[in-house]
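Source file: target-v6.txt; contents: compact mmCIF, C-alpha atoms and all ligand atoms.
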# COMPACT_ATOMS: atom_id res chain seq x y z
CA MET A 17 39.78 -3.63 -1.62
CA SER A 18 38.03 -6.49 0.14
CA LYS A 19 37.29 -9.70 -1.72
CA SER A 20 33.53 -9.12 -1.41
CA LEU A 21 33.84 -6.04 -3.64
CA LYS A 22 35.71 -8.07 -6.20
CA GLY A 23 34.64 -11.07 -8.17
CA PHE A 24 36.49 -14.24 -8.99
CA CYS A 25 37.29 -14.56 -12.68
CA PRO A 26 38.03 -18.15 -13.70
CA GLU A 27 39.67 -16.87 -16.90
CA CYS A 28 42.09 -14.56 -15.10
CA GLY A 29 42.34 -16.97 -12.15
CA ASP A 30 42.15 -14.07 -9.72
CA TYR A 31 39.86 -11.66 -7.88
CA VAL A 32 39.10 -8.80 -10.25
CA ASP A 33 36.99 -5.65 -10.50
CA PHE A 34 33.76 -6.30 -12.31
CA THR A 35 30.80 -4.58 -13.90
CA SER A 36 27.28 -5.88 -13.44
CA LYS A 37 24.12 -5.77 -15.45
CA GLU A 38 20.57 -6.85 -14.70
CA ILE A 39 19.01 -9.54 -16.85
CA VAL A 40 15.59 -11.18 -16.56
CA ARG A 41 15.92 -14.95 -16.42
CA THR A 42 13.22 -17.59 -16.28
CA PHE A 43 13.41 -20.36 -13.71
CA ASP A 44 11.27 -23.45 -13.29
CA SER A 45 10.54 -25.21 -10.04
CA LYS A 46 7.97 -27.96 -9.56
CA GLY A 47 6.23 -26.96 -12.78
CA ILE A 48 5.98 -23.31 -11.80
CA SER A 49 7.92 -20.85 -13.88
CA VAL A 50 9.02 -17.42 -12.66
CA ASP A 51 10.76 -14.49 -14.35
CA VAL A 52 13.38 -13.02 -12.07
CA LEU A 53 15.71 -10.05 -12.35
CA GLN A 54 19.24 -11.35 -11.89
CA LYS A 55 22.46 -9.41 -11.54
CA GLU A 56 25.24 -10.80 -13.67
CA CYS A 57 28.87 -9.79 -13.29
CA PHE A 58 31.64 -9.52 -15.84
CA CYS A 59 35.39 -9.19 -15.45
CA CYS A 60 36.76 -5.70 -16.14
CA VAL A 61 39.96 -7.24 -17.48
CA CYS A 62 38.75 -9.94 -19.87
CA GLY A 63 34.95 -9.66 -19.93
CA ALA A 64 34.29 -13.21 -18.74
CA PRO A 65 31.44 -13.87 -16.26
CA VAL A 66 32.74 -13.58 -12.70
CA PHE A 67 31.55 -15.00 -9.40
CA ASN A 68 30.75 -12.82 -6.37
CA GLU A 69 29.39 -14.53 -3.29
CA GLU A 70 27.20 -11.66 -2.14
CA ILE A 71 25.57 -11.03 -5.52
CA ASP A 72 25.14 -14.76 -5.98
CA ARG A 73 23.23 -14.92 -2.68
CA GLU A 74 21.05 -11.94 -3.65
CA ASN A 75 20.25 -13.62 -6.97
CA GLU A 76 19.31 -16.85 -5.24
CA LEU A 77 17.07 -15.05 -2.75
CA ALA A 78 15.36 -13.20 -5.63
CA ILE A 79 14.53 -16.56 -7.26
CA PHE A 80 13.06 -18.02 -4.06
CA ASP A 81 11.09 -14.83 -3.37
CA ALA A 82 9.67 -14.74 -6.89
CA TYR A 83 8.57 -18.33 -6.46
CA LYS A 84 7.01 -17.66 -3.04
CA GLU A 85 5.20 -14.62 -4.38
CA LYS A 86 3.87 -16.53 -7.37
CA VAL A 87 2.40 -19.32 -5.25
CA GLY A 88 0.95 -16.89 -2.68
CA LEU A 89 3.44 -17.45 0.12
CA LEU A 90 5.07 -14.71 2.18
CA THR A 91 8.41 -13.66 0.71
CA SER A 92 11.59 -13.79 2.77
CA LYS A 93 11.45 -10.04 3.21
CA GLN A 94 7.82 -10.12 4.35
CA ILE A 95 8.71 -12.73 6.96
CA LYS A 96 11.54 -10.51 8.16
CA ASP A 97 9.13 -7.56 8.35
CA ILE A 98 6.60 -9.54 10.41
CA ARG A 99 9.32 -10.60 12.83
CA GLY A 100 10.50 -6.96 12.95
CA LYS A 101 7.08 -5.86 14.19
CA PHE A 102 7.63 -7.90 17.33
CA GLY A 103 11.21 -6.70 17.77
CA LEU A 104 12.77 -10.14 18.18
CA SER A 105 15.85 -11.74 16.68
CA ALA A 106 15.17 -14.52 14.18
CA TYR A 107 16.35 -17.02 16.79
CA SER A 108 14.09 -15.74 19.59
CA PHE A 109 11.12 -15.34 17.24
CA ALA A 110 11.44 -18.98 16.17
CA LEU A 111 11.61 -20.18 19.78
CA VAL A 112 8.53 -18.19 20.82
CA LEU A 113 6.62 -19.76 17.92
CA GLY A 114 7.73 -23.21 19.02
CA MET A 115 10.03 -23.75 16.05
CA GLY A 116 13.66 -24.84 15.93
CA GLY A 117 16.02 -21.94 16.59
CA LYS A 118 17.26 -21.68 13.01
CA THR A 119 13.93 -22.13 11.23
CA ILE A 120 13.03 -18.47 10.77
CA THR A 121 16.58 -17.64 9.64
CA ARG A 122 16.23 -20.30 6.96
CA TYR A 123 12.92 -18.83 5.74
CA GLU A 124 14.43 -15.35 5.68
CA ASN A 125 17.28 -16.74 3.62
CA GLY A 126 14.99 -18.22 1.01
CA SER A 127 13.77 -21.62 2.25
CA ILE A 128 10.16 -22.26 1.32
CA GLN A 129 7.84 -22.41 4.31
CA SER A 130 4.92 -24.82 4.47
CA ARG A 131 1.38 -23.54 3.88
CA MET A 132 0.62 -24.07 7.55
CA VAL A 133 3.60 -22.00 8.71
CA ASP A 134 2.70 -19.36 6.13
CA PHE A 135 -0.89 -19.20 7.32
CA PHE A 136 0.28 -18.92 10.91
CA LEU A 137 2.74 -16.10 10.16
CA LYS A 138 0.05 -14.20 8.25
CA SER A 139 -2.33 -14.68 11.16
CA ILE A 140 0.03 -13.29 13.78
CA SER A 141 0.84 -10.41 11.47
CA LYS A 142 -2.83 -9.52 11.08
CA ASP A 143 -3.72 -10.22 14.66
CA PRO A 144 -1.01 -9.53 17.27
CA GLU A 145 -3.23 -11.10 19.92
CA ILE A 146 -2.46 -14.49 18.43
CA PHE A 147 1.24 -13.77 18.84
CA LYS A 148 0.58 -12.67 22.40
CA VAL A 149 -0.89 -16.09 23.16
CA CYS A 150 2.38 -17.70 21.98
CA LEU A 151 4.43 -15.19 23.93
CA LEU A 152 2.52 -15.73 27.17
CA GLU A 153 2.68 -19.48 26.66
CA SER A 154 6.38 -19.87 25.89
CA GLY A 155 8.07 -16.46 25.96
CA SER A 156 9.02 -16.43 29.61
CA LYS A 157 10.56 -19.89 29.24
CA VAL A 158 12.60 -19.30 26.09
CA LEU A 159 13.47 -15.58 26.29
CA LYS A 160 15.59 -13.67 28.76
CA GLU A 161 13.42 -11.67 31.17
CA LYS A 162 14.37 -8.29 29.67
CA GLU A 163 13.71 -9.45 26.11
CA TYR A 164 10.43 -10.99 27.17
CA GLN A 165 9.19 -7.80 28.88
CA LYS A 166 10.27 -5.64 25.95
CA CYS A 167 8.48 -7.89 23.48
CA LEU A 168 5.36 -8.06 25.63
CA ALA A 169 5.23 -4.24 25.78
CA LYS A 170 5.65 -4.09 22.01
CA VAL A 171 2.86 -6.60 21.39
CA ASP A 172 0.51 -4.74 23.74
CA ARG A 173 1.26 -1.55 21.84
CA LEU A 174 0.46 -3.29 18.53
CA ILE A 175 -2.79 -4.60 19.99
CA SER A 176 -3.88 -1.18 21.23
CA GLU A 177 -2.97 0.45 17.89
CA LYS A 178 -5.03 -2.16 16.11
CA THR A 179 -7.99 -1.58 18.42
CA LYS A 180 -7.79 2.16 17.77
CA ARG A 181 -7.68 1.61 14.01
CA GLN A 182 -10.65 -0.70 14.05
CA PRO A 183 -13.30 0.58 16.42
CA PHE A 184 -16.13 -1.78 17.17
CA ALA A 185 -18.16 -2.53 14.12
CA LYS A 186 -21.39 -0.61 14.06
CA PRO A 187 -24.33 -2.90 14.66
CA LEU A 188 -26.45 -3.42 11.61
CA VAL A 189 -29.67 -1.46 11.85
CA ALA A 190 -32.63 -2.38 9.73
CA LYS A 191 -33.76 0.52 7.59
CA ASN A 192 -37.38 -0.40 7.65
ZN ZN B 201 39.00 -12.00 -16.31
Render the structure in this file as structure tokens.
Amino acid sequence: MSKSLKGFCPECGDYVDFTSKEIVRTFDSKGISVDVLQKECFCCVCGAPVFNEEIDRENELAIFDAYKEKVGLLTSKQIKDIRGKFGLSAYSFALVLGMGGKTITRYENGSIQSRMVDFFLKSISKDPEIFKVCLLESGSKVLKEKEYQKCLAKVDRLISEKTKRQPFAKPLVAKN
């Protein structure tokens, strides 16, 4: 069995099988308190709390996401979903948006984005034409040709779907 399926028990001093249960815990950050479901693991041999890297990471992400949700920021998963719409890797997506290559990866792993970044990500999600502006501006410089063309086709498809969904608003006609 791989180590990731086991947990480290400090009592037993070894990697052990464990059971887990979900517990709601309250966390405070910058005066904002959030209730978050956390998975806690216990040694099958002695019952002591055990440490598992993967579950620990999931727990941490859940705390950050609860905080982001509470303050009205996109969660890590929502950021991943927005990037997914444009079919780019986190690295390429960051470069197209003019960010450092690892920035989006950090947000997807829990880091809290600024309000301005958040607003921008929401804007490109709502309006793919804004993303297209970024892509036309920097995409051909920072992406490989094939990736660039694929992304451009995807964005154009999103734009045409959006246009179909929202036909031109009917002009207001006075009733009398
Ligand atoms: Zn133990």
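Every protein or nucleic acid residue with an atom no more than 8 Å from stretch 84-90 of chain A, counting all atoms listed in the file and leaving out same-chain residues fewer than 4 positions away, appears here: A:Val50, A:Phe80, A:Gln94, A:Ile95, A:Ile128, A:Gln129, A:Arg131, A:Asp134, A:Lys138.
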Given 12 Å and only C-alpha atoms and all ligand atoms, residues near ligand ZN 201 (chain B) as a list in words: Lys22, Gly23, Phe24, Cys25, Pro26, Glu27, Cys28, Gly29, Asp30, Tyr31, Val32, Asp33, Phe34, Thr35, Cys57, Phe58, Cys59, Cys60, Val61, Cys62, Gly63, Ala64, Pro65, Val66 and Phe67 of chain A
Protein, DNA and RNA residues within 12 Å of (0.3, -18.1, 21.3), only C-alpha atoms, as a list in words: Phe109, Leu111, Val112, Leu113, Gly114, Phe136, Leu137, Ser139, Ile140, Asp143, Pro144, Glu145, Ile146, Phe147, Lys148, Val149, Cys150, Leu151, Leu152, Glu153, Ser154, Gly155 and Val171 of chain A
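Interatomic distance, atom CA of A:Gln165 to atom CA of A:Thr91: 28.8 Å.
Distances to A:Thr42 were evaluated for A:Leu77, A:Ile175, A:Ser105, A:Tyr83 using only C-alpha atoms, and the minimum falls at A:Tyr83.
For the pair atom CA of A:Glu124 and atom CA of A:Val52, the interatomic distance is 17.9 Å.
Counting from atom CA of A:Leu174, the distance to atom CA of A:Phe135 is 19.5 Å.
Look at A:Ile39: the protein and nucleic acid residues within 12 Å of it, using only C-alpha atoms and passing over chain neighbours fewer than 6 places away, are Asp51, Val52, Leu53, Gln54, Lys55, Glu56, Cys57 and Asn75 of chain A.
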All file atoms of stretch 21-37 of chain A boxed axis-aligned, 5 Å per side, centre plus edges, as AutoDock Vina command-line options:
--center_x 33.2 --center_y -11.4 --center_z -10.3 --size_x 28.2 --size_y 23.6 --size_z 23.3
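Among A:Ile120, A:Met115, A:Cys167, A:Val133, the residue with the shortest atom-to-atom distance to A:Lys101, counting all atoms listed in the file, is A:Cys167.
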